[in-house]
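Participant: Contents of query-v8.json (JSON, C-alpha atoms) are given next:
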```
[["chain", "number", "residue", "atom", "x", "y", "z"],
["A", 1, "MET", "CA", 2.88, -2.29, -21.26],
["A", 2, "ALA", "CA", 5.63, -2.02, -18.66],
["A", 3, "ARG", "CA", 3.50, 0.36, -16.61],
["A", 4, "THR", "CA", 0.58, -2.05, -16.63],
["A", 5, "LEU", "CA", 2.81, -4.96, -15.66],
["A", 6, "TYR", "CA", 4.33, -2.97, -12.80],
["A", 7, "SER", "CA", 0.93, -1.89, -11.48],
["A", 8, "LYS", "CA", -0.26, -5.50, -11.60],
["A", 9, "LYS", "CA", 2.69, -6.42, -9.40],
["A", 10, "LEU", "CA", 1.76, -3.72, -6.86],
["A", 11, "ILE", "CA", -1.83, -4.89, -6.39],
["A", 12, "PRO", "CA", -0.78, -8.10, -4.57],
["A", 13, "LEU", "CA", 1.64, -6.05, -2.46],
["A", 14, "PHE", "CA", -1.17, -3.71, -1.42],
["A", 15, "LEU", "CA", -3.43, -6.67, -0.61],
["A", 16, "LEU", "CA", -0.64, -8.35, 1.34],
["A", 17, "ILE", "CA", -0.11, -5.24, 3.48],
["A", 18, "SER", "CA", -3.85, -5.02, 4.13],
["A", 19, "LEU", "CA", -4.15, -8.69, 5.04],
["A", 20, "PHE", "CA", -1.01, -8.54, 7.20],
["A", 21, "SER", "CA", -2.39, -5.68, 9.26],
["A", 22, "PHE", "CA", -5.73, -7.48, 9.64],
["A", 23, "PHE", "CA", -4.37, -10.93, 10.52],
["A", 24, "PHE", "CA", -1.54, -9.67, 12.68],
["A", 25, "SER", "CA", -3.93, -7.66, 14.79],
["A", 26, "ALA", "CA", -6.34, -10.61, 14.95],
["A", 27, "SER", "CA", -3.64, -13.02, 16.15],
["A", 28, "LEU", "CA", -2.62, -10.97, 19.18],
["A", 29, "SER", "CA", -3.91, -12.21, 22.51],
["A", 30, "ALA", "CA", -5.08, -9.06, 24.31],
["A", 31, "GLN", "CA", -8.78, -8.37, 24.57],
["A", 32, "GLU", "CA", -8.64, -4.82, 23.25],
["A", 33, "TYR", "CA", -7.33, -5.87, 19.86],
["A", 34, "MET", "CA", -9.71, -5.73, 16.90],
["A", 35, "GLN", "CA", -11.96, -3.23, 18.65],
["A", 36, "TRP", "CA", -12.51, -0.16, 16.51],
["A", 37, "ARG", "CA", -11.57, 3.10, 18.12],
["A", 38, "MET", "CA", -11.38, 6.65, 16.88],
["A", 39, "SER", "CA", -8.64, 9.16, 17.56],
["A", 40, "GLY", "CA", -9.74, 12.39, 19.20],
["A", 41, "CYS", "CA", -6.90, 14.52, 17.81],
["A", 42, "PRO", "CA", -7.79, 17.53, 15.65],
["A", 43, "LEU", "CA", -5.97, 18.23, 12.40],
["A", 44, "PHE", "CA", -3.02, 19.86, 14.19],
["A", 45, "CYS", "CA", -2.87, 17.94, 17.48],
["A", 46, "GLU", "CA", -0.95, 19.40, 20.42],
["A", 47, "GLY", "CA", 0.27, 16.01, 21.66],
["A", 48, "GLN", "CA", 1.78, 15.18, 18.27],
["A", 49, "PRO", "CA", 2.90, 18.52, 16.87],
["A", 50, "TYR", "CA", 4.36, 17.26, 13.59],
["A", 51, "ALA", "CA", 2.08, 14.31, 12.82],
["A", 52, "THR", "CA", -0.08, 16.21, 10.34],
["A", 53, "GLU", "CA", 2.92, 17.66, 8.54],
["A", 54, "ALA", "CA", 4.50, 14.20, 8.40],
["A", 55, "HIS", "CA", 1.36, 12.80, 6.77],
["A", 56, "MET", "CA", 1.27, 15.63, 4.22],
["A", 57, "LEU", "CA", 4.95, 15.50, 3.30],
["A", 58, "GLY", "CA", 5.19, 11.72, 3.44],
["A", 59, "SER", "CA", 2.27, 11.12, 1.09],
["A", 60, "ALA", "CA", 3.51, 13.79, -1.33],
["A", 61, "TYR", "CA", 7.06, 12.40, -1.31],
["A", 62, "ILE", "CA", 6.05, 8.78, -1.83],
["A", 63, "ALA", "CA", 3.63, 9.78, -4.60],
["A", 64, "ASP", "CA", 6.52, 11.56, -6.28],
["A", 65, "LEU", "CA", 8.72, 8.48, -5.98],
["A", 66, "LEU", "CA", 6.03, 6.29, -7.52],
["A", 67, "ASP", "CA", 5.56, 8.67, -10.46],
["A", 68, "TYR", "CA", 8.67, 7.09, -11.98],
["A", 69, "LYS", "CA", 7.07, 3.66, -12.18],
["A", 70, "MET", "CA", 3.37, 4.23, -12.90],
["A", 71, "THR", "CA", 0.86, 6.78, -14.10],
["A", 72, "TRP", "CA", -0.14, 9.70, -11.91],
["A", 73, "TRP", "CA", -3.55, 8.32, -10.94],
["A", 74, "GLN", "CA", -2.10, 4.90, -10.05],
["A", 75, "SER", "CA", 0.50, 6.40, -7.73],
["A", 76, "ASP", "CA", -2.07, 8.68, -6.09],
["A", 77, "ALA", "CA", -4.55, 5.85, -5.61],
["A", 78, "LEU", "CA", -1.86, 3.56, -4.18],
["A", 79, "ILE", "CA", -0.69, 6.19, -1.69],
["A", 80, "PHE", "CA", -4.26, 6.95, -0.63],
["A", 81, "GLY", "CA", -4.92, 3.22, -0.18],
["A", 82, "LEU", "CA", -1.75, 2.70, 1.86],
["A", 83, "GLY", "CA", -2.60, 5.67, 4.09],
["A", 84, "LEU", "CA", -6.13, 4.39, 4.62],
["A", 85, "THR", "CA", -4.83, 0.89, 5.37],
["A", 86, "TRP", "CA", -2.43, 2.32, 7.94],
["A", 87, "GLU", "CA", -5.24, 4.25, 9.64],
["A", 88, "ILE", "CA", -7.39, 1.11, 9.77],
["A", 89, "LYS", "CA", -4.46, -0.66, 11.41],
["A", 90, "ASP", "CA", -4.22, 2.23, 13.89],
["A", 91, "ALA", "CA", -7.89, 1.79, 14.71],
["A", 92, "LEU", "CA", -7.61, -1.96, 15.36],
["A", 93, "VAL", "CA", -4.20, -2.25, 17.04],
["A", 94, "PRO", "CA", -3.81, -0.10, 20.19],
["A", 95, "TRP", "CA", -0.39, 1.34, 20.94],
["A", 96, "GLU", "CA", -0.81, 0.55, 24.62],
["A", 97, "LYS", "CA", -0.60, -3.18, 23.84],
["A", 98, "ALA", "CA", 1.37, -3.36, 20.59],
["A", 99, "GLY", "CA", 3.94, -0.63, 21.13],
["A", 100, "ALA", "CA", 5.42, 1.00, 18.06],
["A", 101, "ILE", "CA", 3.26, -0.88, 15.55],
["A", 102, "GLY", "CA", 0.03, 0.20, 17.24],
["A", 103, "GLY", "CA", -1.94, 3.40, 16.89],
["A", 104, "GLU", "CA", -4.16, 5.65, 18.91],
["A", 105, "GLY", "CA", -7.22, 5.09, 16.73],
["A", 106, "PHE", "CA", -8.61, 5.90, 13.32],
["A", 107, "ALA", "CA", -7.93, 9.55, 12.59],
["A", 108, "LEU", "CA", -9.96, 10.98, 9.75],
["A", 109, "ASN", "CA", -7.74, 14.04, 9.99],
["A", 110, "ASP", "CA", -4.71, 11.93, 9.09],
["A", 111, "VAL", "CA", -6.52, 10.66, 5.99],
["A", 112, "LEU", "CA", -7.38, 14.28, 5.17],
["A", 113, "ALA", "CA", -3.72, 15.24, 5.63],
["A", 114, "ASN", "CA", -2.73, 12.45, 3.21],
["A", 115, "VAL", "CA", -5.22, 13.76, 0.64],
["A", 116, "ILE", "CA", -3.91, 17.32, 1.10],
["A", 117, "GLY", "CA", -0.33, 16.07, 0.56],
["A", 118, "ILE", "CA", -1.25, 14.12, -2.58],
["A", 119, "THR", "CA", -3.27, 17.04, -3.97],
["A", 120, "THR", "CA", -0.52, 19.56, -3.23],
["A", 121, "HIS", "CA", 2.02, 17.33, -4.94],
["A", 122, "ARG", "CA", -0.18, 16.89, -8.00],
["A", 123, "LEU", "CA", -0.91, 20.64, -8.26],
["A", 124, "SER", "CA", 2.79, 21.45, -8.00],
["A", 125, "ILE", "CA", 3.51, 19.00, -10.83],
["A", 126, "LEU", "CA", 0.70, 20.55, -12.89],
["A", 127, "LEU", "CA", 2.03, 24.08, -12.41],
["A", 128, "TRP", "CA", 5.63, 23.00, -13.00],
["A", 129, "ASN", "CA", 4.70, 21.30, -16.26],
["A", 130, "ARG", "CA", 2.66, 24.31, -17.39],
["A", 131, "PHE", "CA", 5.16, 27.05, -16.68],
["A", 132, "VAL", "CA", 8.42, 25.21, -17.38],
["A", 133, "HIS", "CA", 7.44, 22.81, -20.17],
["A", 134, "GLY", "CA", 4.37, 24.59, -21.55],
["A", 135, "LYS", "CA", 2.06, 21.58, -21.07],
["A", 136, "TRP", "CA", -1.01, 21.12, -18.89],
["A", 137, "THR", "CA", -0.39, 17.59, -17.68],
["A", 138, "LEU", "CA", -0.64, 15.86, -14.33],
["A", 139, "ASN", "CA", 2.07, 13.34, -15.16],
["A", 140, "GLY", "CA", 5.28, 13.56, -13.20],
["A", 141, "TYR", "CA", 8.15, 15.64, -14.50],
["A", 142, "ASN", "CA", 10.11, 12.57, -15.53],
["A", 143, "TYR", "CA", 7.28, 11.63, -17.92],
["A", 144, "VAL", "CA", 7.42, 15.04, -19.58],
["A", 145, "LEU", "CA", 11.18, 14.98, -19.93],
["A", 146, "LYS", "CA", 11.37, 11.58, -21.60],
["A", 147, "LYS", "CA", 12.97, 11.95, -24.98],
["A", 148, "GLN", "CA", 11.05, 10.67, -27.93],
["A", 149, "PRO", "CA", 12.98, 8.30, -30.17],
["A", 150, "THR", "CA", 14.57, 10.20, -33.02],
["A", 151, "ARG", "CA", 14.21, 9.00, -36.54],
["A", 152, "ILE", "CA", 17.17, 9.27, -38.86],
["A", 153, "VAL", "CA", 16.12, 10.34, -42.29],
["A", 154, "HIS", "CA", 18.54, 9.52, -45.09],
["A", 155, "LYS", "CA", 18.63, 11.81, -48.08]]
```
Show how you would write the structure in this file as structure tokens.

Facilitator:
Amino acid sequence: MARTLYSKKLIPLFLLISLFSFFFSASLSAQEYMQWRMSGCPLFCEGQPYATEAHMLGSAYIADLLDYKMTWWQSDALIFGLGLTWEIKDALVPWEKAGAIGGEGFALNDVLANVIGITTHRLSILLWNRFVHGKWTLNGYNYVLKKQPTRIVHK
């Protein structure tokens, strides 16, 4: 029940982040705001040499952090949704006008890098649980290591 309650608290947070990025970009006064644009960078872009690696490692790391508070599919879905929301914000808010909060456009390769990071994290958890704990489970390692309550039997 605690996991369900926690995930219900995260849904408004996810919606708030989405609405903030939409309304903030709509309230800015420049004409180029709210015009969809695509990023032309390939998966490993020369202008941003570590952007793809940052997406992969960042999504894997945050998914691992969220494994402590929710089920594996909830943390993966939340991280994918946050990455997609950030890319939509990048498409609608240009960095030329907004500075650090802007982006260079929607990059499908960044979304792909997020998916690769989440998948790599989940496969590493699966293999860790199989070879260390002897279980085929996608749940985070903290879920596997939880001790079951012991029952005291009186003779």

Participant: Choose the residue, out of A:Ile88, A:Leu57, A:Cys45, A:Ile79, that has the smallest atom-to-atom separation from Gly117 (chain A); count only C-alpha atoms.

Facilitator: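 The answer is A:Leu57, which sits nearest to Gly117 (chain A).
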
Participant: Mind pulling up the distance from CA of Leu123 (chain A) to CA of Thr85 (chain A)?

Facilitator: 24.3 Å

Participant: Identify which of the residues A:Leu82, A:Ile118, A:Leu66, A:Ala91 lies closest to Phe106 (chain A), counting all atoms listed in the file when measuring atom-to-atom distances.

Facilitator: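 Smallest distance to Phe106 (chain A) is found for A:Ala91.
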
Participant: Kindly indicate which residue among A:Leu126, A:Ala113, A:Leu84, A:Leu138 lies nearest to Ala60 (chain A), using all atoms listed in the file for the distances.

Facilitator: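 Checking each of A:Leu126, A:Ala113, A:Leu84, A:Leu138 against Ala60 (chain A), counting all atoms listed in the file, the winner is A:Ala113.
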
Participant: Which is closest to Ala107 (chain A) among A:Met34, A:Ser124, A:Asp76, A:Leu43, if we use all atoms listed in the file?

Facilitator: A:Leu43

Participant: Taking (-8.7, -0.9, 18.3) in the coordinates of the supplied file, I want to know which residues reach to within 10 Å of it, counting all atoms listed in the file; could you give the answer as a list in words?

Facilitator: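 Residues close enough to count: Ser25, Gln31, Glu32, Tyr33, Met34, Gln35, Trp36, Arg37, Met38, Ile88, Lys89, Asp90, Ala91, Leu92, Val93, Pro94, Trp95, Gly102, Gly103, Glu104, Gly105 and Phe106 of chain A.
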
Participant: I need the residue nearest Tyr68 (chain A) from this list: A:Gly83, A:Asn139, A:Thr120, A:Asn129. Use all atoms listed in the file for the distance.

Facilitator: A:Asn139

Participant: Give me, please, the distance in Å between CA of Glu96 (chain A) and CA of Gly81 (chain A), quoted to one decimal.

Facilitator: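 Straight-line distance from CA of Glu96 (chain A) to CA of Gly81 (chain A) works out to 25.3 Å.
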